[in-house]
$ cat structure.tsv   # TSV, C-alpha atoms
chain	number	residue	atom	x	y	z
A	261	MET	CA	24.42	-54.10	-1.86
A	262	PHE	CA	27.03	-53.65	-4.61
A	263	ASN	CA	29.65	-53.53	-1.85
A	264	ASN	CA	28.28	-50.10	-0.84
A	265	ILE	CA	30.10	-48.64	-3.86
A	266	TYR	CA	27.38	-46.06	-4.57
A	267	ARG	CA	26.92	-44.75	-1.03
A	268	ASP	CA	27.77	-41.01	-0.84
A	269	LYS	CA	28.91	-41.06	-4.48
A	270	LYS	CA	27.67	-38.57	-7.06
A	271	VAL	CA	25.91	-40.48	-9.82
A	272	LEU	CA	24.66	-38.83	-13.01
A	273	VAL	CA	21.77	-40.50	-14.84
A	274	THR	CA	20.74	-39.30	-18.29
A	275	GLY	CA	17.14	-40.09	-19.16
A	276	HIS	CA	16.27	-40.18	-15.47
A	277	THR	CA	12.65	-39.15	-16.09
A	278	GLY	CA	11.96	-42.19	-18.27
A	279	PHE	CA	10.75	-45.59	-17.12
A	280	LYS	CA	14.10	-47.31	-16.60
A	281	GLY	CA	15.70	-44.05	-15.50
A	282	THR	CA	13.12	-43.53	-12.76
A	283	TRP	CA	13.58	-47.04	-11.38
A	284	LEU	CA	17.38	-46.63	-11.51
A	285	THR	CA	17.21	-43.23	-9.80
A	286	THR	CA	15.01	-44.63	-7.04
A	287	TRP	CA	17.31	-47.59	-6.48
A	288	LEU	CA	20.39	-45.33	-6.39
A	289	LEU	CA	18.70	-43.15	-3.75
A	290	LYS	CA	18.00	-46.28	-1.72
A	291	LEU	CA	21.68	-47.19	-2.05
A	292	GLY	CA	22.66	-43.81	-0.60
A	293	ALA	CA	23.88	-42.10	-3.78
A	294	GLU	CA	23.69	-38.40	-4.57
A	295	VAL	CA	21.80	-38.45	-7.87
A	296	VAL	CA	22.03	-35.87	-10.64
A	297	GLY	CA	19.68	-36.29	-13.60
A	298	ILE	CA	19.59	-34.95	-17.16
A	299	SER	CA	16.44	-35.28	-19.29
A	300	LYS	CA	14.91	-33.04	-21.91
A	301	ASP	CA	11.34	-33.48	-20.67
A	302	ILE	CA	8.83	-35.61	-18.81
A	303	PRO	CA	8.19	-38.20	-21.55
A	304	THR	CA	4.78	-39.54	-20.53
A	305	ASN	CA	1.54	-38.63	-18.82
A	306	PRO	CA	1.12	-40.16	-16.28
A	307	SER	CA	4.80	-40.11	-15.39
A	308	MET	CA	6.42	-42.41	-12.85
A	309	PHE	CA	9.06	-39.73	-12.24
A	310	GLU	CA	6.33	-37.24	-11.26
A	311	GLU	CA	4.27	-39.78	-9.33
A	312	LEU	CA	7.31	-40.60	-7.18
A	313	MET	CA	8.09	-36.86	-6.81
A	314	LEU	CA	11.74	-37.50	-7.60
A	315	GLU	CA	12.44	-33.92	-8.66
A	316	ASN	CA	12.39	-33.06	-4.94
A	317	LYS	CA	14.87	-35.83	-4.10
A	318	ILE	CA	17.64	-35.25	-6.68
A	319	LYS	CA	19.38	-32.51	-8.67
A	320	HIS	CA	17.33	-32.26	-11.84
A	321	TYR	CA	18.55	-30.74	-15.13
A	322	GLN	CA	16.00	-30.32	-17.90
A	323	GLU	CA	18.34	-30.29	-20.89
A	324	ASP	CA	18.61	-32.09	-24.22
A	325	ILE	CA	21.58	-34.45	-24.65
A	326	ARG	CA	21.84	-33.18	-28.24
A	327	ASP	CA	23.06	-29.85	-26.85
A	328	LEU	CA	26.79	-30.50	-26.67
A	329	SER	CA	27.73	-27.28	-24.90
A	330	LYS	CA	25.20	-27.99	-22.12
A	331	MET	CA	26.43	-31.56	-21.69
A	332	ILE	CA	30.03	-30.34	-21.40
A	333	GLU	CA	28.97	-27.64	-18.93
A	334	ILE	CA	26.98	-30.00	-16.69
A	335	ILE	CA	29.39	-32.94	-16.68
A	336	SER	CA	32.44	-30.69	-16.19
A	337	SER	CA	30.81	-28.83	-13.30
A	338	GLU	CA	29.19	-31.82	-11.57
A	339	GLU	CA	32.11	-34.25	-12.07
A	340	PRO	CA	30.06	-37.38	-11.28
A	341	GLU	CA	31.96	-40.43	-10.10
A	342	PHE	CA	29.52	-42.64	-12.00
A	343	LEU	CA	27.47	-41.93	-15.10
A	344	PHE	CA	24.63	-44.06	-16.46
A	345	HIS	CA	23.58	-42.99	-19.94
A	346	LEU	CA	19.99	-44.07	-20.61
A	347	ALA	CA	18.61	-41.03	-22.46
A	348	ALA	CA	17.27	-42.06	-25.87
A	349	GLN	CA	14.30	-42.11	-28.20
A	350	PRO	CA	13.14	-45.62	-27.21
A	351	ILE	CA	9.97	-46.27	-29.23
A	352	VAL	CA	10.13	-48.32	-32.45
A	353	SER	CA	6.94	-46.82	-33.94
A	354	THR	CA	8.24	-43.29	-33.29
A	355	SER	CA	11.38	-44.14	-35.23
A	356	TYR	CA	9.19	-44.72	-38.29
A	357	ASN	CA	7.27	-41.48	-37.80
A	358	ASP	CA	10.32	-39.36	-36.98
A	359	PRO	CA	13.55	-41.08	-38.03
A	360	ILE	CA	15.70	-37.94	-37.73
A	361	GLU	CA	14.64	-37.39	-34.11
A	362	THR	CA	15.52	-41.00	-33.36
A	363	ILE	CA	18.91	-40.87	-35.07
A	364	SER	CA	19.89	-37.50	-33.60
A	365	SER	CA	18.90	-38.55	-30.06
A	366	ASN	CA	20.36	-42.03	-30.09
A	367	VAL	CA	23.51	-41.40	-32.13
A	368	MET	CA	24.48	-37.75	-31.66
A	369	GLY	CA	23.14	-37.71	-28.11
A	370	THR	CA	25.42	-40.59	-27.21
A	371	ALA	CA	28.35	-38.92	-29.00
A	372	ASN	CA	27.76	-35.73	-27.01
A	373	ILE	CA	27.85	-37.59	-23.68
A	374	LEU	CA	31.11	-39.24	-24.69
A	375	GLU	CA	32.58	-35.93	-25.89
A	376	ALA	CA	31.55	-34.24	-22.64
A	377	LEU	CA	33.21	-37.01	-20.63
A	378	LYS	CA	36.36	-36.71	-22.75
A	379	THR	CA	36.40	-32.94	-22.31
A	380	SER	CA	35.90	-33.08	-18.54
A	381	ASN	CA	38.31	-36.02	-18.14
A	382	HIS	CA	37.65	-36.32	-14.40
A	383	LYS	CA	37.73	-39.78	-12.84
A	384	CYS	CA	34.45	-41.38	-13.86
A	385	SER	CA	33.05	-44.85	-14.50
A	386	ALA	CA	30.46	-44.58	-17.28
A	387	ILE	CA	27.91	-47.23	-18.20
A	388	ILE	CA	26.49	-46.53	-21.66
A	389	ILE	CA	23.18	-48.28	-22.25
A	390	THR	CA	22.18	-49.30	-25.75
A	391	SER	CA	19.76	-52.15	-26.52
A	392	ASP	CA	19.43	-55.73	-27.71
A	393	LYS	CA	18.01	-54.11	-30.86
A	394	ALA	CA	21.57	-53.03	-31.68
A	395	TYR	CA	22.19	-56.55	-32.97
A	396	ASP	CA	21.47	-57.44	-36.58
A	397	ASN	CA	18.50	-59.71	-35.87
A	398	VAL	CA	18.53	-62.69	-38.22
A	399	GLU	CA	15.95	-64.59	-36.15
A	400	GLN	CA	18.55	-67.04	-34.85
A	401	VAL	CA	17.29	-69.46	-32.21
A	402	TRP	CA	20.35	-69.10	-29.97
A	403	GLY	CA	21.04	-65.90	-28.06
A	404	TYR	CA	23.10	-63.06	-29.47
A	405	LYS	CA	26.60	-62.68	-28.04
A	406	GLU	CA	28.39	-59.39	-27.45
A	407	ASP	CA	30.64	-59.81	-30.49
A	408	ASP	CA	27.80	-60.55	-32.92
A	409	LYS	CA	27.14	-58.19	-35.82
A	410	MET	CA	25.53	-54.82	-35.09
A	411	GLY	CA	22.75	-53.50	-37.33
A	412	GLY	CA	19.03	-53.75	-37.83
A	413	LYS	CA	16.30	-53.45	-40.42
A	414	ASP	CA	14.40	-50.60	-38.79
A	415	ILE	CA	15.50	-47.06	-37.90
A	416	TYR	CA	15.46	-47.68	-34.14
A	417	SER	CA	17.70	-50.74	-34.46
A	418	GLY	CA	19.96	-48.89	-36.88
A	419	SER	CA	20.30	-45.97	-34.49
A	420	LYS	CA	21.33	-48.29	-31.67
A	421	GLY	CA	23.81	-50.11	-33.89
A	422	ALA	CA	25.24	-46.77	-35.00
A	423	ALA	CA	25.55	-45.65	-31.36
A	424	GLU	CA	27.56	-48.79	-30.67
A	425	LEU	CA	30.01	-47.88	-33.43
A	426	ILE	CA	30.37	-44.37	-32.00
A	427	ILE	CA	31.05	-45.75	-28.53
A	428	LYS	CA	33.66	-48.14	-29.92
A	429	SER	CA	35.41	-45.40	-31.91
A	430	TYR	CA	35.46	-43.00	-28.92
A	431	TYR	CA	36.91	-45.74	-26.76
A	432	HIS	CA	39.71	-46.60	-29.19
A	433	SER	CA	40.40	-43.00	-30.28
A	434	PHE	CA	40.33	-41.19	-26.93
A	435	LEU	CA	39.37	-43.15	-23.83
A	436	LYS	CA	41.63	-46.18	-24.14
A	437	ASN	CA	44.83	-44.17	-23.76
A	438	LYS	CA	46.62	-43.83	-20.42
A	439	ASP	CA	45.88	-40.10	-20.14
A	440	SER	CA	42.12	-40.68	-19.93
A	441	ASN	CA	40.44	-40.80	-16.53
A	442	ILE	CA	37.24	-42.11	-18.07
A	443	LYS	CA	36.40	-45.80	-17.93
A	444	LEU	CA	33.36	-47.01	-19.86
A	445	ALA	CA	31.41	-50.17	-20.45
A	446	ILE	CA	28.29	-50.93	-22.47
A	447	GLY	CA	25.09	-52.51	-21.18
A	448	ARG	CA	22.60	-54.15	-23.54
A	449	ALA	CA	19.17	-55.42	-22.52
A	450	GLY	CA	15.91	-56.31	-24.18
A	451	ASN	CA	12.23	-55.71	-23.54
A	452	VAL	CA	11.62	-54.73	-19.94
A	453	ILE	CA	8.32	-54.55	-18.14
A	454	GLY	CA	7.31	-53.34	-14.71
A	455	GLY	CA	5.16	-50.81	-12.93
A	456	GLY	CA	5.36	-47.18	-13.97
A	457	ASP	CA	5.82	-47.53	-17.73
A	458	TRP	CA	3.39	-45.39	-19.74
A	459	ALA	CA	5.29	-45.15	-23.03
A	460	GLN	CA	3.27	-45.41	-26.23
A	461	ASP	CA	2.94	-48.59	-28.30
A	462	ARG	CA	3.98	-50.92	-25.51
A	463	ILE	CA	1.71	-53.87	-25.04
A	464	VAL	CA	1.83	-54.04	-21.23
A	465	VAL	CA	1.15	-50.31	-20.98
A	466	ASP	CA	-1.80	-50.56	-23.36
A	467	CYS	CA	-3.24	-53.42	-21.32
A	468	MET	CA	-2.82	-51.76	-17.93
A	469	GLU	CA	-4.47	-48.55	-19.12
A	470	ALA	CA	-7.36	-50.47	-20.68
A	471	TRP	CA	-7.81	-52.86	-17.77
A	472	SER	CA	-7.84	-50.00	-15.27
A	473	GLU	CA	-11.02	-48.88	-17.08
A	474	LYS	CA	-12.37	-52.46	-17.37
A	475	LYS	CA	-11.81	-52.42	-21.13
A	476	SER	CA	-10.45	-55.03	-23.52
A	477	VAL	CA	-7.38	-54.30	-25.63
A	478	GLU	CA	-6.38	-55.33	-29.16
A	479	ILE	CA	-2.97	-56.92	-29.57
A	480	ARG	CA	-0.75	-57.51	-32.59
A	481	SER	CA	1.72	-60.36	-33.12
A	482	PRO	CA	0.33	-62.65	-30.39
A	483	ASP	CA	2.88	-65.35	-31.24
A	484	ALA	CA	5.90	-63.03	-31.11
A	485	THR	CA	8.32	-64.32	-28.47
A	486	ARG	CA	10.20	-61.99	-26.17
A	487	PRO	CA	12.57	-62.60	-23.24
A	488	TRP	CA	10.33	-60.71	-20.81
A	489	GLN	CA	12.18	-59.37	-17.82
A	490	HIS	CA	11.32	-57.03	-15.00
A	491	VAL	CA	13.03	-53.65	-15.19
A	492	LEU	CA	15.03	-54.37	-12.03
A	493	GLU	CA	16.84	-57.26	-13.74
A	494	PRO	CA	18.94	-55.25	-16.23
A	495	LEU	CA	19.28	-52.44	-13.68
A	496	SER	CA	20.94	-54.88	-11.29
A	497	GLY	CA	23.26	-55.71	-14.19
A	498	TYR	CA	24.05	-52.05	-14.90
A	499	LEU	CA	24.73	-51.36	-11.22
A	500	ASN	CA	26.83	-54.52	-10.95
A	501	LEU	CA	28.78	-53.47	-14.04
A	502	GLY	CA	29.34	-49.99	-12.58
A	503	GLN	CA	30.66	-51.56	-9.38
A	504	GLU	CA	33.03	-53.87	-11.24
A	505	LEU	CA	34.19	-51.19	-13.69
A	506	TYR	CA	35.03	-48.88	-10.77
A	507	VAL	CA	37.53	-51.38	-9.36
A	508	LYS	CA	38.64	-53.29	-12.50
A	509	ASP	CA	40.46	-51.72	-15.41
A	510	SER	CA	40.01	-54.98	-17.34
A	511	LEU	CA	36.34	-54.23	-18.05
A	512	HIS	CA	37.10	-50.86	-19.65
A	513	GLY	CA	35.65	-50.82	-23.17
A	514	GLU	CA	33.73	-54.08	-22.77
A	515	ALA	CA	30.06	-54.72	-23.62
A	516	PHE	CA	27.71	-56.95	-21.62
A	517	ASN	CA	24.27	-58.44	-22.24
A	518	PHE	CA	21.76	-58.55	-19.40
A	519	GLY	CA	18.73	-60.72	-19.95
A	520	PRO	CA	16.31	-63.01	-18.15
A	521	ARG	CA	16.50	-66.74	-17.67
A	522	ALA	CA	15.73	-68.86	-20.73
A	523	GLU	CA	12.42	-69.94	-19.22
A	524	GLN	CA	11.16	-66.36	-19.44
A	525	ASN	CA	10.84	-66.52	-23.22
A	526	HIS	CA	7.07	-66.40	-23.67
A	527	THR	CA	4.69	-65.28	-26.36
A	528	VAL	CA	2.80	-62.01	-26.12
A	529	LYS	CA	-0.42	-64.00	-25.74
A	530	GLN	CA	0.92	-66.00	-22.77
A	531	LEU	CA	2.21	-62.85	-21.10
A	532	LEU	CA	-1.16	-61.12	-21.30
A	533	GLU	CA	-3.04	-64.16	-20.08
A	534	ASP	CA	-0.78	-64.28	-17.01
A	535	LEU	CA	-0.93	-60.53	-16.34
A	536	SER	CA	-4.73	-60.46	-16.66
A	537	ALA	CA	-5.08	-63.02	-13.87
A	538	TYR	CA	-4.21	-60.27	-11.37
A	539	TRP	CA	-7.01	-58.05	-12.69
A	540	HIS	CA	-9.86	-60.39	-11.78
A	541	PHE	CA	-11.20	-61.06	-15.25
A	542	THR	CA	-13.65	-63.97	-15.22
A	543	ASN	CA	-12.75	-64.80	-18.82
A	544	VAL	CA	-9.44	-64.07	-20.56
A	545	ASN	CA	-11.38	-63.11	-23.70
A	546	GLU	CA	-12.62	-60.07	-21.78
A	547	ALA	CA	-9.02	-58.87	-21.34
A	548	PHE	CA	-7.79	-58.80	-24.94
A	549	SER	CA	-8.52	-59.67	-28.57
A	550	ILE	CA	-6.11	-60.37	-31.40
A	551	THR	CA	-5.70	-58.32	-34.56
A	552	ASP	CA	-3.42	-59.16	-37.49
A	553	ASN	CA	-2.76	-55.50	-38.22
A	554	ILE	CA	1.04	-55.10	-38.01
A	555	PRO	CA	1.94	-51.60	-39.32
A	556	PHE	CA	5.74	-52.02	-39.29
A	557	HIS	CA	8.48	-54.63	-39.20
A	558	GLU	CA	8.72	-56.34	-35.85
A	559	ALA	CA	11.11	-59.12	-34.94
A	560	GLY	CA	9.48	-62.42	-34.10
A	561	LEU	CA	12.33	-63.73	-31.95
A	562	LEU	CA	15.09	-61.87	-30.10
A	563	LYS	CA	17.05	-63.06	-27.10
A	564	LEU	CA	20.46	-62.50	-25.58
A	565	ASN	CA	23.26	-64.77	-24.48
A	566	CYS	CA	24.39	-63.53	-21.05
A	567	ASP	CA	27.29	-65.94	-20.47
A	568	LYS	CA	29.85	-63.12	-20.54
A	569	ALA	CA	28.21	-61.29	-17.61
A	570	LEU	CA	28.07	-64.58	-15.72
A	571	PHE	CA	31.74	-65.35	-16.42
A	572	PHE	CA	33.25	-61.93	-15.67
A	573	MET	CA	30.90	-60.68	-12.93
A	574	LYS	CA	28.98	-63.78	-11.83
A	575	TRP	CA	25.84	-61.80	-12.67
A	576	GLN	CA	22.67	-63.73	-13.33
A	577	ALA	CA	18.98	-62.93	-13.45
A	578	ASN	CA	17.11	-62.99	-10.17
A	579	LEU	CA	13.37	-63.26	-10.82
A	580	GLU	CA	11.40	-66.19	-12.11
A	581	TYR	CA	8.73	-65.49	-14.72
A	582	LYS	CA	5.91	-65.68	-12.18
A	583	ASP	CA	7.60	-63.01	-10.04
A	584	THR	CA	8.05	-60.73	-13.06
A	585	ILE	CA	4.31	-61.02	-13.71
A	586	ARG	CA	3.42	-60.44	-10.05
A	587	PHE	CA	5.70	-57.43	-9.59
A	588	THR	CA	4.34	-55.78	-12.73
A	589	SER	CA	0.64	-56.42	-12.16
A	590	GLU	CA	0.70	-55.56	-8.45
A	591	TRP	CA	2.43	-52.21	-9.01
A	592	TYR	CA	-0.12	-51.11	-11.61
A	593	TYR	CA	-3.06	-52.55	-9.69
A	594	ASP	CA	-2.07	-50.62	-6.57
A	595	PHE	CA	-1.53	-47.46	-8.59
A	596	TYR	CA	-4.98	-47.57	-10.17
A	597	ASN	CA	-6.97	-49.15	-7.34
A	598	SER	CA	-5.50	-48.13	-3.98
A	599	ASP	CA	-4.37	-45.09	-2.02
A	600	LYS	CA	-0.97	-46.62	-1.30
A	601	ASN	CA	2.01	-44.24	-1.62
A	602	ILE	CA	3.52	-45.32	-4.91
A	603	PHE	CA	7.06	-44.26	-3.95
A	604	ASP	CA	6.78	-46.58	-0.95
A	605	LYS	CA	5.42	-49.33	-3.20
A	606	THR	CA	8.40	-48.92	-5.53
A	607	LEU	CA	10.87	-49.08	-2.63
A	608	GLU	CA	9.08	-52.18	-1.31
A	609	GLN	CA	9.51	-53.94	-4.64
A	610	ILE	CA	13.19	-52.99	-4.79
A	611	SER	CA	13.65	-54.32	-1.25
A	612	GLU	CA	11.83	-57.55	-2.11
A	613	TYR	CA	13.98	-57.92	-5.22
A	614	GLU	CA	17.14	-57.42	-3.14
A	615	ASN	CA	15.98	-59.93	-0.52
A	616	MET	CA	15.19	-62.54	-3.17
A	617	ALA	CA	18.67	-62.01	-4.63
A	618	LYS	CA	20.20	-62.37	-1.17
A	619	SER	CA	18.42	-65.68	-0.67
A	620	LYS	CA	20.01	-66.87	-3.93
A	621	GLU	CA	23.40	-65.53	-2.74
A	622	LEU	CA	23.87	-63.42	-5.87
A	623	VAL	CA	27.26	-61.72	-5.70
A	624	TRP	CA	26.03	-58.14	-6.04
A	625	THR	CA	24.08	-58.40	-2.77
A	626	GLU	CA	27.31	-58.33	-0.77
$ encode --input "structure.tsv" --output "structure tokens"
Amino acid sequence: MFNNIYRDKKVLVTGHTGFKGTWLTTWLLKLGAEVVGISKDIPTNPSMFEELMLENKIKHYQEDIRDLSKMIEIISSEEPEFLFHLAAQPIVSTSYNDPIETISSNVMGTANILEALKTSNHKCSAIIITSDKAYDNVEQVWGYKEDDKMGGKDIYSGSKGAAELIIKSYYHSFLKNKDSNIKLAIGRAGNVIGGGDWAQDRIVVDCMEAWSEKKSVEIRSPDATRPWQHVLEPLSGYLNLGQELYVKDSLHGEAFNFGPRAEQNHTVKQLLEDLSAYWHFTNVNEAFSITDNIPFHEAGLLKLNCDKALFFMKWQANLEYKDTIRFTSEWYYDFYNSDKNIFDKTLEQISEYENMAKSKELVWTE
């Protein structure tokens, strides 16, 4: 997998205690990497990071990325060969309640990681993760390309757009020159779902918690369309990008979108109907009800054009929509209803994902 590029390499993951960070950390361990993590806290309860007992399997720093001196100290002392920056304030509703927290985490936090890399200046391939929300969403029906306008109407989107500008300026001001040992690339992805997410104000999370107690859940914006993808899809893109960046100088400073196949654009209502089928409801009306209460701006349509990743890396999404639904529902169902070791369950899903990609002869499986 990934040409064994991560085996016996030191890989630093910021935000490793979060949903995507936990899945990425687990996959890196499976790939034979030595993982170092930086997170300011355990963001949810329950926590996938704690349920998988990852603190015992990696080197774990509990530090805030907004502390520049700590970031310089850790990155300079650890000298990771790869760095995946995922740490962020990721919740749209929280950005309304605490805009300064969101801006300081997503903008200054990213700047601090870049400054720490610049200061250390050891040989490192860094993948900086932002979001599809970094684009100025004008509800266009075609997917956003990497050179489309950055921006956003809400604080979260604005913070991600601002982070993109900081990354670009650091690249051109410091990291592009021949004296820099740092290579970086940007990964952008949209809404991800999958087992182990317990973040607030996420529709799948709300449903899984309610359904585990045999309760119905209220949903907003049932007709909102999202390019639903399993968390392993963009992670395969990030890992593929890290592999390619390590060996190709031509990708230095480039941004890439990672999204699902076009057929995975479904409404919230369709998604919940399909997920609920795995929870043995006799009637879908028992699973959820619809409310028109929308407390903040929410985009009705947002999808990415991933042609650049296909052209430069031959990366493409692996799972069909039905597999995304199955992976997600089965993980949660086993967590709430069986005694199965959830770390083993997570590894099984990663292995199944890899095997499905192998059967499609995706390039990163080599």
$ closest_residue --input "structure.tsv" --among "A:Trp471, A:Phe518, A:Trp402, A:Tyr506" --to "Leu444 (chain A)" --atoms "all atoms listed in the file"
A:Tyr506
$ residues_around --input "structure.tsv" --residues "Gly497 (chain A)" --least-positions-apart "3" --cutoff "10 Å" --atoms "all atoms listed in the file" --output "list in words"
Gly447, Arg448, Ala449, Leu492, Glu493, Pro494, Asn500, Leu501, Gly502, Gln503, Phe516, Asn517, Phe518, Gly519, Ala569, Met573, Trp575, Gln576, Ala577 and Trp624 of chain A
$ axis_aligned_box --input "structure.tsv" --around "region 301-307 of chain A" --padding-each-side "3 Å" --output "JSON"
{"center_x": 6.2, "center_y": -36.8, "center_z": -18.5, "size_x": 16.2, "size_y": 12.7, "size_z": 12.2}
$ closest_residue --input "structure.tsv" --among "A:Asp599, A:Glu590, A:Glu626, A:Asp567" --to "Glu614 (chain A)" --atoms "only C-alpha atoms"
A:Glu626
$ closest_residue --input "structure.tsv" --among "A:Lys393, A:Lys319, A:Lys529, A:Lys436" --to "Ser481 (chain A)" --atoms "all atoms listed in the file"
A:Lys529
$ closest_residue --input "structure.tsv" --among "A:Thr542, A:Glu469, A:Asn578, A:Asp392" --to "Leu564 (chain A)" --atoms "all atoms listed in the file"
A:Asp392
$ atom_distance --input "structure.tsv" --atom1 "CA of Gln530 (chain A)" --atom2 "CA of Thr606 (chain A)"
25.4 Å
$ residues_around --input "structure.tsv" --residues "Val464 (chain A)" --least-positions-apart "4" --cutoff "9 Å" --atoms "all atoms listed in the file" --output "JSON, numbers by chain"
{"A": [453, 454, 457, 458, 468, 469, 531, 532, 535]}
$ residues_around --input "structure.tsv" --residues "Leu291 (chain A)" --least-positions-apart "4" --cutoff "12 Å" --atoms "all atoms listed in the file" --output "PyMOL selection string"
chain A and resi 261-271+284-287+295+499+607+610-611+614+625
$ atom_distance --input "structure.tsv" --atom1 "CA of Met308 (chain A)" --atom2 "CA of Tyr596 (chain A)"
12.8 Å
$ closest_residue --input "structure.tsv" --among "A:Met313, A:Val544, A:Ala376, A:Ile363" --to "Thr282 (chain A)" --atoms "all atoms listed in the file"
A:Met313
$ atom_distance --input "structure.tsv" --atom1 "CA of Gly455 (chain A)" --atom2 "CA of Leu495 (chain A)"
14.2 Å
$ residues_around --input "structure.tsv" --residues "His526 (chain A)" --least-positions-apart "3" --cutoff "9 Å" --atoms "all atoms listed in the file" --output "ChimeraX atom specification"
/A:483-488,523,529-531
$ closest_residue --input "structure.tsv" --among "A:Lys620, A:Lys317, A:Lys383, A:Lys605" --to "Pro340 (chain A)" --atoms "all atoms listed in the file"
A:Lys383
$ residues_near_point --input "structure.tsv" --point "(30.6, -54.6, -21.2)" --cutoff "7 Å" --atoms "all atoms listed in the file" --output "ChimeraX atom specification"
/A:445-447,511,513-516
$ residues_around --input "structure.tsv" --residues "region 410-415 of chain A" --least-positions-apart "2" --cutoff "12 Å" --atoms "all atoms listed in the file" --output "compact mmCIF listing (two decimals) with C-alpha atoms, keeping the file's coordinate frame"
# COMPACT_ATOMS: atom_id res chain seq x y z
CA GLN A 349 14.30 -42.11 -28.20
CA PRO A 350 13.14 -45.62 -27.21
CA ILE A 351 9.97 -46.27 -29.23
CA VAL A 352 10.13 -48.32 -32.45
CA SER A 353 6.94 -46.82 -33.94
CA THR A 354 8.24 -43.29 -33.29
CA SER A 355 11.38 -44.14 -35.23
CA TYR A 356 9.19 -44.72 -38.29
CA ASN A 357 7.27 -41.48 -37.80
CA ASP A 358 10.32 -39.36 -36.98
CA PRO A 359 13.55 -41.08 -38.03
CA ILE A 360 15.70 -37.94 -37.73
CA GLU A 361 14.64 -37.39 -34.11
CA THR A 362 15.52 -41.00 -33.36
CA ILE A 363 18.91 -40.87 -35.07
CA SER A 364 19.89 -37.50 -33.60
CA ASN A 366 20.36 -42.03 -30.09
CA VAL A 367 23.51 -41.40 -32.13
CA THR A 390 22.18 -49.30 -25.75
CA SER A 391 19.76 -52.15 -26.52
CA ASP A 392 19.43 -55.73 -27.71
CA LYS A 393 18.01 -54.11 -30.86
CA ALA A 394 21.57 -53.03 -31.68
CA TYR A 395 22.19 -56.55 -32.97
CA ASP A 396 21.47 -57.44 -36.58
CA ASN A 397 18.50 -59.71 -35.87
CA VAL A 398 18.53 -62.69 -38.22
CA GLU A 399 15.95 -64.59 -36.15
CA TYR A 404 23.10 -63.06 -29.47
CA LYS A 405 26.60 -62.68 -28.04
CA GLU A 406 28.39 -59.39 -27.45
CA ASP A 407 30.64 -59.81 -30.49
CA ASP A 408 27.80 -60.55 -32.92
CA SER A 417 17.70 -50.74 -34.46
CA GLY A 418 19.96 -48.89 -36.88
CA SER A 419 20.30 -45.97 -34.49
CA LYS A 420 21.33 -48.29 -31.67
CA GLY A 421 23.81 -50.11 -33.89
CA ALA A 422 25.24 -46.77 -35.00
CA ALA A 423 25.55 -45.65 -31.36
CA GLU A 424 27.56 -48.79 -30.67
CA LEU A 425 30.01 -47.88 -33.43
CA ILE A 426 30.37 -44.37 -32.00
CA LYS A 428 33.66 -48.14 -29.92
CA ARG A 448 22.60 -54.15 -23.54
CA PHE A 556 5.74 -52.02 -39.29
CA HIS A 557 8.48 -54.63 -39.20
CA GLU A 558 8.72 -56.34 -35.85
CA ALA A 559 11.11 -59.12 -34.94
CA LEU A 562 15.09 -61.87 -30.10
$ decode --input "structure.tsv" --residues "region 488-498 of chain A" --atoms "N, CA and C atoms" --output "tab-separated table (two decimals), in the first residue's frame"
chain	number	residue	atom	x	y	z
A	488	TRP	N	-21.76	12.73	-0.02
A	488	TRP	CA	-21.42	11.89	1.13
A	488	TRP	C	-20.29	10.94	0.77
A	489	GLN	N	-19.29	10.90	1.62
A	489	GLN	CA	-18.20	9.96	1.40
A	489	GLN	C	-17.74	9.39	2.73
A	490	HIS	N	-17.31	8.15	2.69
A	490	HIS	CA	-16.76	7.54	3.90
A	490	HIS	C	-15.42	8.18	4.22
A	491	VAL	N	-15.10	8.25	5.49
A	491	VAL	CA	-13.88	8.93	5.94
A	491	VAL	C	-12.62	8.35	5.29
A	492	LEU	N	-12.63	7.07	4.97
A	492	LEU	CA	-11.44	6.47	4.36
A	492	LEU	C	-11.16	6.99	2.96
A	493	GLU	N	-12.17	7.54	2.28
A	493	GLU	CA	-11.96	8.05	0.92
A	493	GLU	C	-10.97	9.22	0.89
A	494	PRO	N	-11.25	10.33	1.59
A	494	PRO	CA	-10.26	11.41	1.55
A	494	PRO	C	-8.94	11.01	2.20
A	495	LEU	N	-8.98	10.14	3.21
A	495	LEU	CA	-7.73	9.72	3.84
A	495	LEU	C	-6.85	8.98	2.84
A	496	SER	N	-7.45	8.18	1.97
A	496	SER	CA	-6.65	7.52	0.93
A	496	SER	C	-6.03	8.58	0.02
A	497	GLY	N	-6.79	9.67	-0.21
A	497	GLY	CA	-6.25	10.77	-1.00
A	497	GLY	C	-5.10	11.47	-0.31
A	498	TYR	N	-5.25	11.74	1.00
A	498	TYR	CA	-4.17	12.41	1.74
A	498	TYR	C	-2.91	11.55	1.75
